[in-house]
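Engineer: For reference, the file work_25.cif (mmCIF, C-alpha atoms) is included below:
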data_input
#
loop_
_atom_site.label_atom_id
_atom_site.label_comp_id
_atom_site.auth_asym_id
_atom_site.auth_seq_id
_atom_site.Cartn_x
_atom_site.Cartn_y
_atom_site.Cartn_z
CA MET X 1 72.64 -165.01 215.34
CA GLU X 2 76.15 -165.74 216.60
CA ILE X 3 77.65 -169.10 215.61
CA LEU X 4 79.82 -170.93 218.18
CA THR X 5 82.96 -172.59 216.79
CA LEU X 6 85.56 -174.85 218.38
CA PRO X 7 89.21 -173.74 218.74
CA PHE X 8 91.44 -174.49 215.78
CA ILE X 9 94.01 -177.27 216.37
CA LYS X 10 97.06 -177.57 214.19
CA PRO X 11 97.87 -180.87 212.58
CA ASP X 12 101.34 -181.03 214.20
CA ASP X 13 99.95 -180.71 217.69
CA PRO X 14 101.71 -183.31 219.93
CA ARG X 15 98.39 -184.09 221.51
CA LEU X 16 97.27 -185.77 218.30
CA THR X 17 100.19 -188.28 218.27
CA LEU X 18 99.44 -191.83 219.27
CA LYS X 19 101.54 -193.18 222.10
CA VAL X 20 101.73 -196.94 222.40
CA GLU X 21 103.64 -198.27 225.38
CA ASN X 22 105.36 -201.59 224.99
CA ARG X 23 107.41 -203.00 227.76
CA MET X 24 108.98 -205.41 225.43
CA ARG X 25 111.54 -204.30 222.99
CA ASN X 26 110.17 -202.91 219.78
CA ILE X 27 110.22 -204.87 216.62
CA PHE X 28 109.63 -203.19 213.31
CA VAL X 29 106.72 -204.64 211.53
CA THR X 30 108.31 -204.15 208.16
CA GLN X 31 111.43 -206.14 209.13
CA LEU X 32 111.78 -209.52 207.50
CA GLU X 33 111.44 -212.46 209.76
CA GLU X 34 114.73 -214.28 210.47
CA PRO X 35 115.00 -217.46 212.36
CA ARG X 36 116.22 -216.93 215.86
CA GLU X 37 116.34 -220.03 217.81
CA ASP X 38 117.31 -218.67 221.15
CA GLU X 39 115.09 -215.53 221.26
CA ASN X 40 111.71 -216.81 219.98
CA GLU X 41 110.35 -217.35 223.40
CA ASN X 42 110.83 -213.69 224.48
CA ILE X 43 109.44 -212.04 221.28
CA LYS X 44 105.95 -210.55 221.06
CA TYR X 45 104.74 -209.86 217.60
CA ILE X 46 102.69 -206.73 216.75
CA PRO X 47 100.28 -207.16 213.82
CA VAL X 48 100.36 -204.85 210.80
CA ILE X 49 97.79 -202.05 211.13
CA ASN X 50 95.78 -201.55 207.97
CA GLU X 51 92.95 -199.50 209.45
CA ALA X 52 92.62 -195.75 209.51
CA SER X 53 93.86 -193.78 212.45
CA SER X 54 90.37 -192.55 213.32
CA LYS X 55 89.09 -196.12 213.33
CA ILE X 56 91.97 -197.20 215.52
CA LEU X 57 91.29 -194.33 217.91
CA GLN X 58 87.62 -195.24 218.09
CA THR X 59 88.07 -199.00 218.54
CA GLY X 60 91.36 -199.10 220.35
CA VAL X 61 91.27 -200.43 223.85
CA ASN X 62 94.11 -198.27 225.09
CA THR X 63 92.91 -195.10 223.37
CA LEU X 64 92.36 -192.29 225.84
CA GLN X 65 89.10 -190.38 226.02
CA LYS X 66 91.02 -187.16 225.71
CA THR X 67 92.48 -188.31 222.42
CA LEU X 68 89.03 -189.10 221.10
CA VAL X 69 87.75 -185.69 222.19
CA LEU X 70 90.64 -184.02 220.40
CA LYS X 71 89.97 -186.05 217.36
CA ARG X 72 86.31 -185.03 217.46
CA GLU X 73 87.38 -181.43 217.89
CA VAL X 74 89.54 -181.73 214.80
CA GLU X 75 86.64 -183.20 212.87
CA VAL X 76 84.33 -180.46 214.14
CA GLU X 77 86.92 -177.87 213.15
CA ASP X 78 87.12 -179.38 209.68
CA ILE X 79 83.36 -179.36 209.46
CA ASN X 80 83.23 -175.75 210.69
CA ARG X 81 85.86 -174.81 208.16
CA GLN X 82 83.94 -176.52 205.41
CA LEU X 83 80.75 -174.88 206.67
CA THR X 84 82.47 -171.50 206.65
CA THR X 85 83.68 -172.18 203.14
CA LYS X 86 80.21 -173.20 202.09
CA ARG X 87 78.76 -170.11 203.76
CA GLN X 88 81.25 -167.94 201.98
CA GLU X 89 80.45 -169.70 198.72
CA PHE X 90 76.74 -169.32 199.45
CA ALA X 91 77.25 -165.63 200.25
CA ASN X 92 79.21 -165.19 197.04
CA ARG X 93 76.49 -166.98 195.12
CA MET X 94 73.85 -164.84 196.82
CA GLU X 95 75.80 -161.70 195.89
CA ALA X 96 76.13 -162.97 192.33
CA LEU X 97 72.43 -163.80 192.37
CA ALA X 98 71.62 -160.33 193.71
CA ARG X 99 73.76 -158.78 190.97
CA ARG X 100 72.09 -160.97 188.37
CA LYS X 101 68.71 -160.10 189.87
CA ALA X 102 69.54 -156.40 189.70
CA GLU X 103 70.74 -156.84 186.13
CA PHE X 104 67.61 -158.83 185.33
CA GLU X 105 65.41 -156.15 186.91
CA LEU X 106 67.28 -153.52 184.95
CA LYS X 107 66.91 -155.53 181.76
CA GLN X 108 63.24 -156.13 182.60
CA LYS X 109 62.76 -152.42 183.18
CA LEU X 110 64.50 -151.65 179.91
CA THR X 111 62.39 -154.32 178.20
CA LYS X 112 59.23 -152.81 179.66
CA GLU X 113 60.29 -149.36 178.53
CA ARG X 114 61.08 -150.72 175.08
CA ALA X 115 57.74 -152.61 175.08
CA LEU X 116 55.93 -149.41 176.10
CA LYS X 117 57.75 -147.49 173.40
CA PHE X 118 57.00 -150.24 170.89
CA ASP X 119 53.37 -150.32 172.02
CA LYS X 120 53.17 -146.57 171.64
CA PHE X 121 54.83 -146.94 168.24
CA LEU X 122 52.25 -149.59 167.29
CA GLN X 123 49.42 -147.38 168.53
CA ASP X 124 50.78 -144.46 166.52
CA ASN X 125 51.10 -146.68 163.49
CA GLU X 126 47.57 -148.02 164.06
CA SER X 127 46.17 -144.48 164.38
CA LYS X 128 48.11 -143.47 161.24
CA ARG X 129 46.82 -146.57 159.45
CA ARG X 130 43.26 -145.80 160.51
CA ARG X 131 43.60 -142.17 159.41
CA ALA X 132 45.11 -143.29 156.12
CA LEU X 133 42.35 -145.89 155.69
CA ARG X 134 39.69 -143.32 156.53
CA ASN X 135 41.24 -140.86 154.10
CA TYR X 136 41.45 -143.62 151.50
CA GLN X 137 37.78 -144.48 152.01
CA MET X 138 36.80 -140.82 151.82
CA GLU X 139 38.89 -140.33 148.67
CA ARG X 140 37.42 -143.51 147.23
CA LYS X 141 33.85 -142.34 147.93
CA HIS X 142 34.72 -138.93 146.51
CA ASN X 143 36.18 -140.58 143.41
CA GLU X 144 33.10 -142.80 143.09
CA LEU X 145 30.87 -139.73 143.33
CA LYS X 146 33.00 -137.94 140.76
CA GLU X 147 32.91 -141.00 138.51
CA LYS X 148 29.14 -141.12 138.90
CA GLU X 149 28.88 -137.42 138.12
CA ILE X 150 31.09 -137.97 135.09
CA GLN X 151 28.91 -140.87 133.94
CA ASP X 152 25.77 -138.77 134.46
CA LEU X 153 27.31 -135.85 132.56
CA LEU X 154 28.39 -138.19 129.77
CA GLN X 155 24.87 -139.64 129.56
CA GLU X 156 23.42 -136.13 129.56
CA LEU X 157 25.97 -135.13 126.91
CA GLU X 158 24.94 -138.11 124.81
CA LYS X 159 21.27 -137.16 125.23
CA LEU X 160 22.09 -133.55 124.27
CA GLN X 161 24.06 -134.72 121.26
CA VAL X 162 21.17 -136.95 120.23
CA ARG X 163 18.79 -134.03 120.75
CA GLN X 164 21.14 -131.78 118.77
CA GLN X 165 21.17 -134.26 115.91
CA HIS X 166 17.40 -134.51 116.08
CA LEU X 167 17.07 -130.71 116.09
CA LYS X 168 19.47 -130.44 113.19
CA LYS X 169 17.39 -132.92 111.27
CA LYS X 170 14.27 -131.06 112.25
CA VAL X 171 15.83 -127.74 111.15
CA VAL X 172 16.82 -129.27 107.84
CA LYS X 173 13.34 -130.71 107.50
CA ASN X 174 11.65 -127.40 108.34
CA LYS X 175 14.01 -125.37 106.18
CA MET X 176 11.65 -125.60 103.28
CA HIS X 177 8.82 -124.13 105.42
CA GLU X 178 11.07 -121.29 106.45
CA ASP X 179 11.95 -120.58 102.83
CA TYR X 180 8.29 -120.75 101.93
CA LEU X 181 7.34 -118.33 104.71
CA LEU X 182 10.10 -115.93 103.68
CA LYS X 183 8.84 -115.98 100.12
CA ILE X 184 5.29 -115.34 101.39
CA ILE X 185 6.53 -112.41 103.44
CA ASP X 186 8.22 -111.01 100.40
CA HIS X 187 4.97 -111.13 98.48
CA LEU X 188 2.73 -109.77 101.26
CA PRO X 189 1.70 -106.09 101.30
CA GLU X 190 3.21 -103.68 103.74
CA ASN X 191 0.16 -103.40 106.05
CA TYR X 192 -0.38 -107.16 106.56
CA LEU X 193 0.48 -106.82 110.28
CA GLU X 194 -2.55 -104.67 111.01
CA TYR X 195 -5.15 -106.39 113.20
CA GLY X 196 -8.26 -104.95 111.87
CA ALA X 197 -11.58 -106.54 111.35
CA ASP X 198 -10.93 -106.91 107.69
CA SER X 199 -7.45 -108.34 108.19
CA LEU X 200 -6.78 -111.72 106.66
CA VAL X 201 -4.51 -112.78 109.52
CA MET X 202 -7.13 -112.65 112.30
CA PRO X 203 -9.02 -115.83 111.28
CA ILE X 204 -5.74 -117.72 111.21
CA ILE X 205 -4.80 -116.39 114.65
CA ARG X 206 -8.19 -117.29 116.09
CA ARG X 207 -7.99 -120.72 114.54
CA HIS X 208 -4.59 -121.16 116.11
CA GLU X 209 -5.85 -120.07 119.53
CA THR X 210 -8.78 -122.48 119.28
CA LEU X 211 -6.45 -125.32 118.36
CA ALA X 212 -4.09 -124.38 121.21
CA VAL X 213 -6.94 -124.43 123.77
CA THR X 214 -8.17 -127.74 122.40
CA ASN X 215 -4.63 -129.12 122.57
CA GLU X 216 -4.29 -128.08 126.22
CA ALA X 217 -7.63 -129.66 127.08
CA LEU X 218 -6.63 -132.87 125.32
CA VAL X 219 -3.26 -132.87 127.12
CA ARG X 220 -4.97 -132.40 130.51
CA GLN X 221 -7.45 -135.16 129.69
CA LEU X 222 -4.58 -137.41 128.59
CA SER X 223 -2.68 -136.75 131.85
CA SER X 224 -5.81 -137.46 133.94
CA LEU X 225 -6.43 -140.66 131.98
CA SER X 226 -2.79 -141.65 132.49
CA GLU X 227 -3.11 -141.11 136.23
CA GLU X 228 -6.33 -143.12 136.32
CA LEU X 229 -4.66 -145.85 134.31
CA GLU X 230 -1.72 -145.93 136.73
CA LYS X 231 -4.08 -146.06 139.72
CA SER X 232 -6.05 -148.84 138.05
CA GLN X 233 -2.84 -150.75 137.41
CA HIS X 234 -1.81 -150.38 141.06
CA LYS X 235 -5.25 -151.49 142.14
CA LEU X 236 -5.06 -154.44 139.76
CA GLU X 237 -1.67 -155.44 141.18
CA SER X 238 -3.02 -155.22 144.73
CA LEU X 239 -6.03 -157.33 143.67
CA HIS X 240 -3.66 -159.86 142.09
CA GLN X 241 -1.64 -160.03 145.31
CA GLU X 242 -4.78 -160.37 147.39
CA HIS X 243 -6.03 -163.08 145.05
CA ASP X 244 -2.73 -164.97 145.35
CA THR X 245 -2.85 -164.64 149.14
CA ASN X 246 -6.46 -165.86 149.26
CA LYS X 247 -5.55 -168.67 146.91
CA LEU X 248 -2.70 -169.78 149.18
CA MET X 249 -4.93 -169.57 152.24
CA THR X 250 -7.68 -171.49 150.47
CA ASN X 251 -5.20 -174.17 149.37
CA SER X 252 -3.95 -174.44 152.93
CA GLU X 253 -7.49 -174.78 154.29
CA LEU X 254 -8.29 -177.27 151.54
CA SER X 255 -5.27 -179.37 152.46
CA ASP X 256 -6.31 -179.26 156.14
CA LEU X 257 -9.86 -180.28 155.21
CA GLN X 258 -8.51 -183.06 153.01
CA ILE X 259 -6.42 -184.33 155.93
CA GLN X 260 -9.49 -184.15 158.18
CA TYR X 261 -11.53 -185.98 155.53
CA ASP X 262 -8.91 -188.73 155.28
CA ARG X 263 -8.84 -189.06 159.06
CA ALA X 264 -12.66 -189.16 159.21
CA LYS X 265 -12.67 -191.77 156.44
CA GLU X 266 -10.20 -193.93 158.35
CA ARG X 267 -12.26 -193.43 161.53
CA ASN X 268 -15.43 -194.47 159.67
CA LYS X 269 -13.70 -197.58 158.39
CA GLN X 270 -12.63 -198.42 161.92
CA LEU X 271 -16.16 -197.77 163.23
CA GLU X 272 -17.65 -199.95 160.46
CA MET X 273 -15.28 -202.75 161.41
CA ASN X 274 -16.20 -202.32 165.09
CA LEU X 275 -19.91 -202.24 164.14
CA THR X 276 -19.55 -205.43 162.11
CA LEU X 277 -17.75 -207.05 165.02
CA HIS X 278 -20.39 -205.85 167.46
CA GLN X 279 -23.19 -207.05 165.14
CA GLY X 280 -21.57 -210.50 165.04
CA GLN X 281 -21.26 -210.47 168.83
CA PHE X 282 -24.89 -209.26 169.14
CA ARG X 283 -26.04 -211.98 166.77
CA ASN X 284 -24.19 -214.59 168.85
CA GLN X 285 -25.63 -213.11 172.04
CA SER X 286 -29.11 -213.11 170.47
CA GLU X 287 -28.72 -216.75 169.51
CA GLU X 288 -27.47 -217.60 173.00
CA LEU X 289 -30.36 -215.60 174.52
CA GLY X 290 -32.88 -217.37 172.25
CA SER X 291 -31.45 -220.74 173.24
CA LEU X 292 -31.57 -219.72 176.91
CA LEU X 293 -35.21 -218.58 176.55
CA MET X 294 -36.13 -221.81 174.82
CA ALA X 295 -34.43 -223.79 177.57
CA ILE X 296 -36.27 -221.76 180.26
CA THR X 297 -39.57 -222.28 178.41
CA ASN X 298 -39.01 -226.01 178.10
CA LEU X 299 -38.00 -226.20 181.75
CA ALA X 300 -41.09 -224.17 182.72
CA GLU X 301 -43.27 -226.62 180.77
CA GLN X 302 -41.74 -229.48 182.71
CA CYS X 303 -42.03 -227.63 186.05
CA TYR X 304 -45.50 -226.15 185.52
CA ILE X 305 -47.55 -225.27 188.63
CA HIS X 306 -51.28 -224.58 188.24
CA HIS X 307 -51.67 -221.64 190.59
CA TYR X 308 -49.35 -219.49 188.38
CA GLY X 309 -52.00 -219.45 185.66
CA PRO X 310 -51.67 -220.23 181.96
CA LEU X 311 -48.09 -220.79 180.79
CA GLU X 312 -48.54 -218.57 177.74
CA ASP X 313 -49.25 -215.49 179.95
CA LEU X 314 -46.16 -215.91 182.13
CA ASN X 315 -43.02 -213.85 181.61
CA ILE X 316 -39.46 -215.04 182.07
CA LEU X 317 -39.08 -213.98 185.72
CA THR X 318 -42.34 -215.65 186.67
CA MET X 319 -41.23 -218.83 184.88
CA LEU X 320 -37.93 -218.75 186.81
CA ASP X 321 -39.81 -218.27 190.10
CA MET X 322 -42.10 -221.20 189.20
CA ILE X 323 -39.09 -223.39 188.34
CA LYS X 324 -37.43 -222.38 191.62
CA GLU X 325 -40.56 -223.19 193.62
CA PHE X 326 -40.94 -226.54 191.82
CA ILE X 327 -37.33 -227.48 192.55
CA LEU X 328 -37.66 -226.45 196.21
CA GLU X 329 -40.82 -228.57 196.50
CA LYS X 330 -39.00 -231.51 194.96
CA ILE X 331 -36.12 -231.06 197.38
CA ASP X 332 -38.54 -230.82 200.33
CA VAL X 333 -40.39 -233.90 199.17
CA GLY X 334 -37.13 -235.78 198.80
CA ARG X 335 -35.95 -234.72 202.27
CA LYS X 336 -39.31 -235.78 203.82
CA ALA X 337 -39.16 -239.06 201.94
CA THR X 338 -35.68 -239.68 203.32
CA GLN X 339 -36.87 -238.97 206.86
CA LEU X 340 -39.82 -241.32 206.45
CA ALA X 341 -37.55 -243.97 205.02
CA ASP X 342 -35.31 -243.80 208.06
CA SER X 343 -38.22 -244.06 210.56
CA SER X 344 -40.48 -246.53 208.76
CA SER X 345 -40.05 -250.19 208.20
CA ALA X 346 -39.29 -252.02 205.01
CA LEU X 347 -42.96 -252.51 204.28
CA ALA X 348 -43.68 -248.85 204.67
CA ASN X 349 -40.72 -248.19 202.46
CA SER X 350 -42.05 -250.48 199.78
CA THR X 351 -45.47 -248.88 200.07
CA ASP X 352 -44.06 -245.38 199.81
CA PHE X 353 -41.99 -246.44 196.88
CA THR X 354 -45.11 -247.76 195.14
CA ASP X 355 -46.97 -244.53 195.89
CA THR X 356 -44.06 -242.48 194.66
CA LYS X 357 -43.99 -244.41 191.43
CA ASP X 358 -47.69 -243.89 191.00
CA ARG X 359 -47.32 -240.21 191.73
CA GLY X 360 -44.46 -239.93 189.27
CA ALA X 361 -46.49 -241.70 186.62
CA THR X 362 -49.41 -239.43 187.36
CA LEU X 363 -47.15 -236.37 187.16
CA GLN X 364 -45.69 -237.54 183.85
CA LYS X 365 -49.22 -238.10 182.49
CA THR X 366 -50.24 -234.62 183.65
CA ASN X 367 -47.18 -233.04 182.06
CA SER X 368 -47.78 -234.85 178.78
CA LYS X 369 -51.41 -233.69 178.80
CA THR X 370 -50.31 -230.12 179.51
CA ARG X 371 -47.84 -230.24 176.61
CA LEU X 372 -50.47 -231.55 174.25
CA ARG X 373 -52.92 -228.83 175.39
CA ARG X 374 -50.30 -226.07 174.94
CA ALA X 375 -49.30 -227.43 171.54
CA SER X 376 -52.90 -227.38 170.45
CA LYS X 377 -53.31 -223.81 171.76
CA SER X 378 -50.16 -222.62 170.06
CA SER X 379 -51.27 -224.17 166.79
CA SER X 380 -54.68 -222.55 167.11
CA ASN X 381 -53.27 -219.10 168.22
CA PRO X 382 -50.49 -217.95 165.85
CA LYS X 383 -50.23 -214.54 167.58
CA SER X 384 -49.03 -216.11 170.79
CA THR X 385 -46.40 -218.09 168.85
CA SER X 386 -45.15 -214.95 167.14
CA GLY X 387 -45.08 -213.15 170.54
CA LEU X 388 -43.10 -216.03 172.04
CA LYS X 389 -40.63 -215.93 169.18
CA THR X 390 -40.28 -212.17 169.62
CA GLN X 391 -39.69 -212.63 173.35
CA ARG X 392 -37.07 -215.29 172.58
CA LEU X 393 -35.32 -212.88 170.20
#
Before anything else, please render the file you have as structure tokens.

Structural biologist:
Amino acid sequence: MEILTLPFIKPDDPRLTLKVENRMRNIFVTQLEEPREDENENIKYIPVINEASSKILQTGVNTLQKTLVLKREVEVEDINRQLTTKRQEFANRMEALARRKAEFELKQKLTKERALKFDKFLQDNESKRRRALRNYQMERKHNELKEKEIQDLLQELEKLQVRQQHLKKKVVKNKMHEDYLLKIIDHLPENYLEYGADSLVMPIIRRHETLAVTNEALVRQLSSLSEELEKSQHKLESLHQEHDTNKLMTNSELSDLQIQYDRAKERNKQLEMNLTLHQGQFRNQSEELGSLLMAITNLAEQCYIHHYGPLEDLNILTMLDMIKEFILEKIDVGRKATQLADSSSALANSTDFTDTKDRGATLQKTNSKTRLRRASKSSSNPKSTSGLKTQRL
């Protein structure tokens, strides 16, 4: 993209000079003030300018627009120059950065190559180490086998030496028999090796054969007995193991049964406590029921009605029905008496009251007679009393 720049203006361009027109005669600002009596009225003083030229150009009243534009062009040129310098510096830095990047990439490539070489070197070393370790392990196993073979050979050598010593002792021990046999051979006739029927050697040979056969039979029997003994021992060990297993299982079952027994015992204790509690509640209920039956019986005696039959033959429900009917009759009688009292006069009221008293007295006498009769019957009939007590219970 093309960048547009403003034309370059030199600092000594006459267009940049400030022109201030003053119709009065100029007075230097730096000149010391001297008293002039006759010229004070025609002098115009110019203040000392302490501001920058750009500020004066911007704020000055008499500053031309063209001067401001030139000044802006100069500033823009300075900015463009600085921008060009910065761009050049940026380009130089970018080139340096590109060079450093290329160097870094080269170094990175060299580092990667060195890392690859080092990795390959490590892999070679690792493979060499593994081969050396494998060879070491193989050599170690081989040495262990050789050492074991050496130990076995040494043990065998020791056994052979022990056997040699034993044979030497046996030879020394049997030397006397050899000498004896040699002496016997010297004294035997020349034809002692003949195997005839009359030879003296044949019975000895036959005896030896018989003893050899017997020895072989005894050895076979001993080997069979040894095998049977070994089998019996194995069987005994298996029986011992089975017995131990059964014992453990039995102990486990016994412990489970003991736990069940303890739980059942605790449950029985709880049930006994509940039974005792229920018996106490049943006893209380029985007492309450007996009291209730006695109260019903007493109330039935007081509310006895003749058409229900003898009181001793009535059950509880019949007694309750009789009591209910008696109470309803009483209520009906009372209601009728109230109605008659409201409709009758005082005399009728007094008469009814007298009749009611007589009827009440008569009823009380009847009830007392009934009680006495039932008491006499109960005293004369003990079975009915026992049945009543049973019914109350």

Engineer: For CA of Ser344 (chain X) and CA of Ile327 (chain X), quote the distance in Å rounded to one decimal.

Structural biologist: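 A separation of 25.2 Å between them.
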
Engineer: What does the distance between CA of Leu317 (chain X) and CA of Ser286 (chain X) come to in Å, to one decimal place?

Structural biologist: 18.2 Å

Engineer: Just the number, please: distance in Å from CA of Tyr308 (chain X) to CA of Glu287 (chain X), one decimal.

Structural biologist: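 Interatomic distance here is 28.1 Å.
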
Engineer: So what does the PyMOL selection byres ((chain X and resi 299) around 12) actually pick up in this one, as an mmCIF file with C-alpha atoms, in the frame of the given file?

Structural biologist:
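This went into out.cif:
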data_model
loop_
_atom_site.group_PDB
_atom_site.id
_atom_site.type_symbol
_atom_site.label_atom_id
_atom_site.label_comp_id
_atom_site.auth_asym_id
_atom_site.auth_seq_id
_atom_site.Cartn_x
_atom_site.Cartn_y
_atom_site.Cartn_z
ATOM 1 C CA LEU X 292 -31.570 -219.720 176.910
ATOM 2 C CA LEU X 293 -35.210 -218.580 176.550
ATOM 3 C CA MET X 294 -36.130 -221.810 174.820
ATOM 4 C CA ALA X 295 -34.430 -223.790 177.570
ATOM 5 C CA ILE X 296 -36.270 -221.760 180.260
ATOM 6 C CA THR X 297 -39.570 -222.280 178.410
ATOM 7 C CA ASN X 298 -39.010 -226.010 178.100
ATOM 8 C CA ALA X 300 -41.090 -224.170 182.720
ATOM 9 C CA GLU X 301 -43.270 -226.620 180.770
ATOM 10 C CA GLN X 302 -41.740 -229.480 182.710
ATOM 11 C CA CYS X 303 -42.030 -227.630 186.050
ATOM 12 C CA TYR X 304 -45.500 -226.150 185.520
ATOM 13 C CA ILE X 305 -47.550 -225.270 188.630
ATOM 14 C CA LEU X 311 -48.090 -220.790 180.790
ATOM 15 C CA ILE X 316 -39.460 -215.040 182.070
ATOM 16 C CA MET X 319 -41.230 -218.830 184.880
ATOM 17 C CA LEU X 320 -37.930 -218.750 186.810
ATOM 18 C CA ASP X 321 -39.810 -218.270 190.100
ATOM 19 C CA MET X 322 -42.100 -221.200 189.200
ATOM 20 C CA ILE X 323 -39.090 -223.390 188.340
ATOM 21 C CA LYS X 324 -37.430 -222.380 191.620
ATOM 22 C CA PHE X 326 -40.940 -226.540 191.820
ATOM 23 C CA ILE X 327 -37.330 -227.480 192.550
ATOM 24 C CA ASN X 367 -47.180 -233.040 182.060
ATOM 25 C CA ARG X 371 -47.840 -230.240 176.610
#

Engineer: Take every atom of region 283-298 of chain X listed in the file, pad by 4 Å on each side, and give me the axis-aligned box centre and edge lengths in Å, one decimal, as lines of an AutoDock Vina configuration file.

Structural biologist:
center_x = -31.9
center_y = -219.0
center_z = 173.5
size_x = 23.4
size_y = 22.0
size_z = 21.5
